[in-house]
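Content type compact mmCIF, C-alpha atoms and all ligand atoms, from the file coords31.txt:
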# COMPACT_ATOMS: atom_id res chain seq x y z
CA MET T 1 23.49 -7.26 11.37
CA ALA T 2 20.62 -4.82 11.35
CA ASP T 3 17.47 -5.04 9.27
CA ASN T 4 16.83 -1.33 9.34
CA SER T 5 13.71 -0.58 7.43
CA PRO T 6 14.19 0.90 3.97
CA ASP T 7 12.96 4.41 3.45
CA PHE T 8 9.75 3.57 1.61
CA THR T 9 9.19 7.23 0.88
CA SER T 10 12.28 7.63 -1.30
CA VAL T 11 11.96 4.13 -2.77
CA TYR T 12 9.09 5.34 -4.97
CA GLN T 13 10.80 8.54 -6.05
CA THR T 14 12.42 7.20 -9.20
CA ASP T 15 11.09 7.01 -12.75
CA GLU T 16 12.00 3.34 -12.82
CA ARG T 17 9.88 2.39 -9.79
CA ALA T 18 6.98 4.66 -10.84
CA ASP T 19 7.00 3.34 -14.42
CA HIS T 20 7.07 -0.21 -13.06
CA TRP T 21 4.14 0.52 -10.73
CA ALA T 22 2.15 2.01 -13.64
CA ARG T 23 2.91 -0.99 -15.88
CA GLU T 24 1.66 -3.38 -13.18
CA LYS T 25 -1.69 -1.58 -12.87
CA LEU T 26 -3.91 -4.23 -14.47
CA ARG T 27 -2.39 -7.06 -12.50
CA ARG T 28 -2.68 -5.06 -9.29
CA GLN T 29 -6.31 -4.20 -10.03
CA GLU T 30 -7.12 -7.87 -10.61
CA SER T 31 -5.47 -8.95 -7.36
CA SER T 32 -7.11 -6.25 -5.30
CA ALA T 33 -10.54 -5.96 -7.00
CA ALA T 34 -12.62 -7.38 -4.14
CA ALA T 35 -10.54 -5.62 -1.47
CA THR T 36 -10.78 -2.30 -3.30
CA GLU T 37 -14.54 -2.65 -3.51
CA THR T 38 -14.61 -3.24 0.25
CA LEU T 39 -12.41 -0.18 0.82
CA ILE T 40 -14.68 2.01 -1.31
CA LYS T 41 -17.77 0.74 0.51
CA ALA T 42 -16.09 1.41 3.85
CA ALA T 43 -15.30 4.97 2.72
CA ASP T 44 -19.04 5.58 2.17
CA LEU T 45 -18.65 7.98 -0.76
CA HIS T 46 -21.41 10.28 -1.97
CA ILE T 47 -21.92 12.38 -5.09
CA GLY T 48 -20.36 15.80 -4.51
CA ASP T 49 -17.94 14.64 -1.81
CA ARG T 50 -14.52 16.17 -1.42
CA VAL T 51 -12.12 13.25 -0.91
CA LEU T 52 -8.45 13.13 0.02
CA GLU T 53 -6.43 10.13 -1.10
CA VAL T 54 -3.16 9.86 0.81
CA ALA T 55 -0.24 8.14 -0.96
CA ALA T 56 -2.31 7.84 -4.12
CA GLY T 57 0.56 6.47 -6.17
CA THR T 58 -0.24 6.14 -9.86
CA GLY T 59 -3.90 7.00 -9.26
CA ASP T 60 -5.68 3.65 -9.70
CA LEU T 61 -8.05 4.34 -6.83
CA ALA T 62 -8.27 8.12 -7.34
CA VAL T 63 -9.85 7.60 -10.76
CA THR T 64 -12.47 5.20 -9.35
CA VAL T 65 -13.22 7.59 -6.47
CA ALA T 66 -13.44 10.56 -8.84
CA GLN T 67 -16.05 8.68 -10.86
CA ALA T 68 -17.92 7.71 -7.68
CA VAL T 69 -18.22 11.30 -6.39
CA GLY T 70 -19.21 12.64 -9.83
CA SER T 71 -18.32 15.91 -11.50
CA SER T 72 -19.65 17.90 -8.53
CA GLY T 73 -17.19 16.06 -6.29
CA HIS T 74 -13.47 16.52 -6.03
CA VAL T 75 -10.51 14.23 -5.31
CA ILE T 76 -7.16 15.48 -4.11
CA ALA T 77 -4.54 12.79 -4.62
CA VAL T 78 -1.37 13.38 -2.62
CA ASP T 79 1.84 11.40 -2.61
CA SER T 80 5.46 12.09 -1.73
CA SER T 81 6.56 10.88 -5.17
CA PRO T 82 6.16 13.30 -8.08
CA GLN T 83 7.06 10.42 -10.40
CA MET T 84 4.09 8.34 -9.17
CA LEU T 85 1.75 11.35 -9.38
CA ALA T 86 2.78 12.06 -12.97
CA HIS T 87 1.28 8.67 -13.82
CA ALA T 88 -1.83 9.50 -11.76
CA GLU T 89 -2.39 12.63 -13.85
CA LYS T 90 -2.00 10.60 -17.03
CA ALA T 91 -4.46 7.98 -15.69
CA ALA T 92 -7.00 10.73 -14.93
CA ARG T 93 -6.64 12.18 -18.45
CA GLU T 94 -6.97 8.75 -20.04
CA ALA T 95 -10.10 8.01 -17.97
CA GLY T 96 -11.56 11.38 -18.95
CA VAL T 97 -12.05 12.55 -15.37
CA ASN T 98 -11.28 16.18 -14.59
CA ASN T 99 -12.10 16.29 -10.89
CA ILE T 100 -8.74 14.97 -9.66
CA GLU T 101 -6.00 17.27 -8.45
CA THR T 102 -2.58 15.89 -7.54
CA ARG T 103 -0.18 17.38 -5.00
CA VAL T 104 3.24 16.24 -3.83
CA MET T 105 2.93 16.00 -0.05
CA ASN T 106 4.15 14.06 2.95
CA ALA T 107 1.38 12.00 4.57
CA GLU T 108 2.68 13.01 7.98
CA GLU T 109 2.33 16.74 7.26
CA LEU T 110 -0.87 17.25 5.32
CA GLU T 111 -1.01 20.82 4.02
CA PHE T 112 -4.76 21.29 4.51
CA GLU T 113 -6.95 23.09 7.01
CA GLU T 114 -8.68 20.92 9.54
CA SER T 115 -12.07 19.48 8.50
CA SER T 116 -11.36 19.97 4.78
CA PHE T 117 -12.66 16.63 3.47
CA ASN T 118 -15.74 14.44 3.66
CA THR T 119 -13.58 11.32 3.46
CA VAL T 120 -9.92 10.32 3.51
CA ILE T 121 -8.66 7.08 1.97
CA CYS T 122 -5.26 5.47 1.88
CA LYS T 123 -4.51 2.22 0.06
CA MET T 124 -1.48 0.01 0.75
CA ALA T 125 0.72 2.73 2.19
CA LEU T 126 0.06 3.47 5.89
CA MET T 127 2.39 0.65 7.01
CA LEU T 128 5.23 2.14 4.95
CA PHE T 129 5.21 5.58 6.56
CA GLY T 130 7.88 6.48 9.12
CA ASN T 131 5.16 7.14 11.69
CA PRO T 132 1.70 5.74 10.85
CA LEU T 133 0.22 7.25 14.03
CA THR T 134 1.25 10.75 12.92
CA ALA T 135 -0.22 10.11 9.46
CA LEU T 136 -3.49 8.84 10.97
CA THR T 137 -3.59 11.88 13.28
CA GLU T 138 -3.23 14.10 10.22
CA MET T 139 -6.00 12.24 8.39
CA HIS T 140 -8.22 12.65 11.47
CA ARG T 141 -7.45 16.38 11.57
CA VAL T 142 -8.35 17.08 7.94
CA VAL T 143 -11.54 15.00 7.75
CA LYS T 144 -14.84 16.65 8.76
CA LEU T 145 -16.73 15.69 11.89
CA GLY T 146 -18.77 12.61 10.97
CA GLY T 147 -16.48 11.85 8.02
CA ARG T 148 -14.65 8.57 7.57
CA VAL T 149 -11.04 7.58 7.14
CA ALA T 150 -10.60 4.21 5.42
CA VAL T 151 -7.30 2.44 4.85
CA MET T 152 -6.07 -0.81 3.32
CA VAL T 153 -2.86 -2.48 4.52
CA TRP T 154 -1.23 -5.88 4.13
CA SER T 155 -2.30 -8.46 6.67
CA SER T 156 0.39 -10.58 8.39
CA ALA T 157 3.40 -12.17 6.66
CA ASP T 158 2.09 -15.72 7.11
CA LYS T 159 -1.07 -14.78 5.20
CA ASN T 160 1.00 -13.21 2.41
CA PRO T 161 3.60 -15.80 1.39
CA PHE T 162 4.42 -14.03 -1.88
CA HIS T 163 6.45 -11.42 0.00
CA GLY T 164 6.33 -13.09 3.43
CA LEU T 165 8.25 -16.27 2.54
CA PRO T 166 11.17 -14.54 0.76
CA LEU T 167 11.62 -12.15 3.69
CA GLN T 168 11.45 -14.98 6.21
CA ILE T 169 14.01 -17.08 4.29
CA ALA T 170 16.46 -14.21 3.79
CA ARG T 171 16.23 -13.22 7.47
CA ARG T 172 16.78 -16.79 8.64
CA ILE T 173 19.83 -17.25 6.45
CA GLY T 174 21.23 -13.86 7.47
CA ASN T 175 20.36 -14.42 11.13
CA ILE T 176 18.39 -11.17 11.08
CA PRO T 177 15.46 -10.83 13.50
CA THR T 178 12.00 -9.97 12.22
CA PRO T 179 11.47 -6.26 12.88
CA GLY T 180 8.88 -5.22 15.46
CA PRO T 181 5.61 -3.54 14.49
CA ASP T 182 7.04 -0.04 15.05
CA ILE T 183 9.44 -0.45 12.12
CA PRO T 184 7.86 0.54 8.79
CA GLY T 185 7.43 -2.43 6.50
CA LEU T 186 5.00 -4.43 4.43
CA PHE T 187 3.52 -6.27 7.42
CA ALA T 188 3.99 -3.65 10.15
CA LEU T 189 0.22 -3.15 10.51
CA GLY T 190 -0.74 -6.75 9.83
CA ASP T 191 -2.18 -7.21 13.32
CA SER T 192 -5.80 -6.11 12.93
CA GLU T 193 -6.28 -5.45 16.67
CA ARG T 194 -3.24 -3.18 16.77
CA LEU T 195 -4.49 -1.34 13.70
CA LYS T 196 -7.84 -0.72 15.39
CA ASP T 197 -5.99 0.47 18.50
CA LEU T 198 -4.11 3.04 16.40
CA PHE T 199 -7.39 4.36 15.01
CA ARG T 200 -8.87 4.62 18.51
CA LYS T 201 -5.76 6.25 19.92
CA VAL T 202 -6.11 9.02 17.36
CA GLY T 203 -9.72 9.59 18.39
CA PHE T 204 -11.78 7.80 15.76
CA ARG T 205 -15.20 6.40 16.69
CA ASN T 206 -16.94 3.34 15.24
CA VAL T 207 -13.62 1.72 14.42
CA SER T 208 -13.91 -1.57 12.57
CA ASN T 209 -11.92 -3.67 10.19
CA GLN T 210 -12.25 -6.67 7.93
CA SER T 211 -9.93 -8.82 5.90
CA SER T 212 -10.17 -9.45 2.19
CA ALA T 213 -8.37 -11.80 -0.20
CA HIS T 214 -5.55 -10.41 -2.33
CA HIS T 215 -4.43 -13.32 -4.49
CA ARG T 216 -1.38 -13.11 -6.72
CA LYS T 217 -1.56 -14.56 -10.21
CA TYR T 218 1.32 -14.69 -12.65
CA VAL T 219 1.97 -16.52 -15.87
CA SER T 220 4.79 -18.53 -14.31
CA LEU T 221 7.07 -18.83 -11.29
CA GLN T 222 9.73 -16.95 -13.28
CA ASP T 223 7.30 -14.10 -13.87
CA ALA T 224 6.50 -14.02 -10.13
CA LEU T 225 10.20 -14.00 -9.21
CA THR T 226 10.83 -11.10 -11.58
CA LEU T 227 8.15 -9.13 -9.79
CA ILE T 228 9.52 -10.00 -6.36
CA LYS T 229 12.81 -8.49 -7.51
CA SER T 230 11.33 -5.28 -8.87
CA SER T 231 8.20 -4.33 -6.88
CA GLY T 232 7.97 -2.00 -3.88
CA GLY T 233 8.17 -5.15 -1.73
CA ALA T 234 11.51 -5.85 -3.41
CA ALA T 235 12.94 -2.88 -1.52
CA ALA T 236 12.14 -4.63 1.77
CA LEU T 237 13.75 -7.86 0.59
CA GLN T 238 16.73 -6.05 -0.90
CA ASN T 239 17.20 -4.33 2.42
CA VAL T 240 17.61 -7.71 4.10
CA MET T 241 19.64 -9.27 1.27
CA VAL T 242 22.34 -6.58 1.40
CA ASN T 243 23.34 -7.93 4.81
CA LEU T 244 24.03 -11.39 3.37
CA SER T 245 27.25 -12.55 1.71
CA ILE T 246 27.02 -13.27 -2.02
CA ALA T 247 27.03 -17.00 -1.27
CA ASP T 248 24.19 -16.59 1.24
CA GLN T 249 22.24 -14.43 -1.20
CA GLU T 250 22.49 -17.21 -3.77
CA LYS T 251 21.43 -19.73 -1.14
CA ALA T 252 18.47 -17.49 -0.20
CA TRP T 253 17.32 -17.11 -3.82
CA ALA T 254 17.54 -20.88 -4.34
CA GLU T 255 15.42 -21.45 -1.21
CA ILE T 256 12.97 -18.73 -2.17
CA THR T 257 12.52 -20.27 -5.62
CA GLU T 258 12.04 -23.70 -4.06
CA ALA T 259 9.54 -22.39 -1.47
CA LEU T 260 7.47 -20.53 -4.05
CA THR T 261 7.32 -23.55 -6.38
CA GLN T 262 4.35 -24.77 -4.31
CA PHE T 263 2.27 -22.00 -5.91
CA ASP T 264 3.20 -22.94 -9.47
CA GLY T 265 0.62 -25.10 -11.22
CA PRO T 266 -0.97 -25.91 -14.56
CA ASN T 267 -2.71 -22.53 -14.59
CA GLY T 268 0.45 -20.60 -13.79
CA PHE T 269 1.57 -19.14 -10.48
CA GLU T 270 -1.17 -18.44 -7.92
CA ALA T 271 -0.38 -17.43 -4.35
CA PRO T 272 -2.90 -16.54 -1.65
CA GLY T 273 -2.75 -13.17 0.07
CA GLU T 274 -4.76 -11.03 2.45
CA VAL T 275 -5.26 -7.38 3.22
CA ILE T 276 -7.04 -5.58 6.07
CA ILE T 277 -9.45 -2.72 5.48
CA ALA T 278 -9.88 -0.50 8.52
CA VAL T 279 -12.29 2.40 8.92
CA GLY T 280 -13.07 4.96 11.57
CA THR T 281 -15.39 7.96 11.90
CA LYS T 282 -14.31 11.36 13.27
C1 LIG L 301 2.73 0.65 -2.22
S1 LIG L 301 2.54 2.20 -2.98
C2 LIG L 301 0.77 2.34 -3.03
C3 LIG L 301 0.27 3.35 -4.03
C4 LIG L 301 -1.24 3.41 -4.21
N1 LIG L 301 -1.91 3.80 -2.99
C5 LIG L 301 -1.75 2.09 -4.71
O1 LIG L 301 -2.41 1.36 -3.94
O2 LIG L 301 -1.52 1.77 -5.89
C6 LIG L 301 3.01 3.28 -1.65
C7 LIG L 301 2.91 4.74 -1.99
O3 LIG L 301 3.16 5.48 -0.80
C8 LIG L 301 3.87 6.65 -1.14
N2 LIG L 301 4.52 7.17 0.08
C9 LIG L 301 5.49 6.58 0.80
N3 LIG L 301 5.81 7.33 1.86
C10 LIG L 301 5.01 8.44 1.81
C11 LIG L 301 4.85 9.57 2.64
N4 LIG L 301 5.57 9.74 3.75
N5 LIG L 301 3.95 10.51 2.28
C12 LIG L 301 3.21 10.35 1.16
N6 LIG L 301 3.30 9.29 0.35
C13 LIG L 301 4.19 8.32 0.66
C14 LIG L 301 4.83 6.17 -2.21
O4 LIG L 301 5.38 7.22 -2.96
C15 LIG L 301 3.93 5.24 -3.01
O5 LIG L 301 3.27 5.92 -4.05
Show me this structure written as structure tokens.
Amino acid sequence: MADNSPDFTSVYQTDERADHWAREKLRRQESSAAATETLIKAADLHIGDRVLEVAAGTGDLAVTVAQAVGSSGHVIAVDSSPQMLAHAEKAAREAGVNNIETRVMNAEELEFEESSFNTVICKMALMLFGNPLTALTEMHRVVKLGGRVAVMVWSSADKNPFHGLPLQIARRIGNIPTPGPDIPGLFALGDSERLKDLFRKVGFRNVSNQSSAHHRKYVSLQDALTLIKSSGGAAALQNVMVNLSIADQEKAWAEITEALTQFDGPNGFEAPGEVIIAVGTK
């Protein structure tokens, strides 16, 4: 049975998924605070910069970047999901920033002239694209000479048990092999050396990367399980689960619950996690 990757582009094109992503904003910001700071530092933003955010989602980062580049700067937040971008516009209004523009666009076909931006950023999305190399090539094309492209992606599955363990369990029970790194997925770019190689292949200079913690904290194991069933990562798990019989799905959920119990404690559910921040200069 095949574990074909889900189409992560269409997964986010529903009100339900976009509303869910917007509702989870605070939790996401808490989990990724240190990593986001590292990403912003890596992007080396300046007042007045023109910044492109690729796959901006509900605009968490776009608002921070818009504040960092000031009113003389400009952020263009693109995403293939109009539903996600509708939330980004709302987030910009609520934050009182008016230097963000949103545009529905495919990361692999950026509709901008070459050398249009001082910086390009992309958070937690490059590994989901059909062809990350094409997307990186596009980012390289539209950034100015000397400008940076900075991305954040999930590290490897073993460093991210919150999504890694459920996927591993469901694949084992369904006898489904782990997909190779060329198949889009949560952990497709989790090998930091390979990620650097992609940047170099595209022509970036001064390529470097670093890892950062991305811990998960929920009120309870039940709360965590609910999220596993409804987040973007749920699409990856669902994609594996559909290949299992109902009995095997039940077996998988029982094992997943058991495996994740190790992260449940007196202070609620806390699972470790890790992301990689990679940066290159054109
Ligand atoms: C995991 S979410 C991350 C959103 C946001 N960057 C964040 O960190 O909150 C992935 C995002 O990638 C977008 N996406 C997926 N495929 C895309 C593509 N081919 N072009 C542009 N955006 C895409 C989705 O619509 C979704 O908003």
What do you get as a VMD selection string if you pick all residues at most 6 Å from ligand LIG 301 (chain L), counting all atoms listed in the file? chain T and resid 8 to 9 12 55 to 57 60 79 to 81 84 105 to 107 123 to 125 129
Could the residues in this selection be written to a file with C-alpha atoms, as a compact mmCIF listing (two decimals), in the coordinates of the input?
# COMPACT_ATOMS: atom_id res chain seq x y z
CA PHE T 8 9.75 3.57 1.61
CA THR T 9 9.19 7.23 0.88
CA TYR T 12 9.09 5.34 -4.97
CA ALA T 55 -0.24 8.14 -0.96
CA ALA T 56 -2.31 7.84 -4.12
CA GLY T 57 0.56 6.47 -6.17
CA ASP T 60 -5.68 3.65 -9.70
CA ASP T 79 1.84 11.40 -2.61
CA SER T 80 5.46 12.09 -1.73
CA SER T 81 6.56 10.88 -5.17
CA MET T 84 4.09 8.34 -9.17
CA MET T 105 2.93 16.00 -0.05
CA ASN T 106 4.15 14.06 2.95
CA ALA T 107 1.38 12.00 4.57
CA LYS T 123 -4.51 2.22 0.06
CA MET T 124 -1.48 0.01 0.75
CA ALA T 125 0.72 2.73 2.19
CA PHE T 129 5.21 5.58 6.56
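For the pair CA of His46 (chain T) and CA of Glu101 (chain T), the interatomic distance is 18.1 Å.
You can rank T:Thr281, T:Ser208, T:Gln13, T:Ser116 by their closest distance to Lys196 (chain T) using only C-alpha atoms, and at the top of that list sits T:Ser208.
With only C-alpha atoms as the atoms that count, the residue of T:Leu52, T:Ala170, T:Asp248, T:Val97 with the shortest distance to Ser72 (chain T) is T:Val97.
The two atoms in question, CA of Ala95 (chain T) and CA of His214 (chain T), are spaced 24.6 Å apart.
As for CA of Phe112 (chain T) and CA of Pro6 (chain T), they are spaced 27.8 Å apart.
Proximity to Val202 (chain T) was assessed for T:Lys41, T:Lys282, T:Arg17, T:Arg50 counting all atoms listed in the file; the smallest distance is recorded for T:Lys282.
Take the candidates T:Ile176, T:Val219, T:Ala254, T:Ile121 and check each one against Val242 (chain T) using only C-alpha atoms; the shortest distance goes to T:Ile176.
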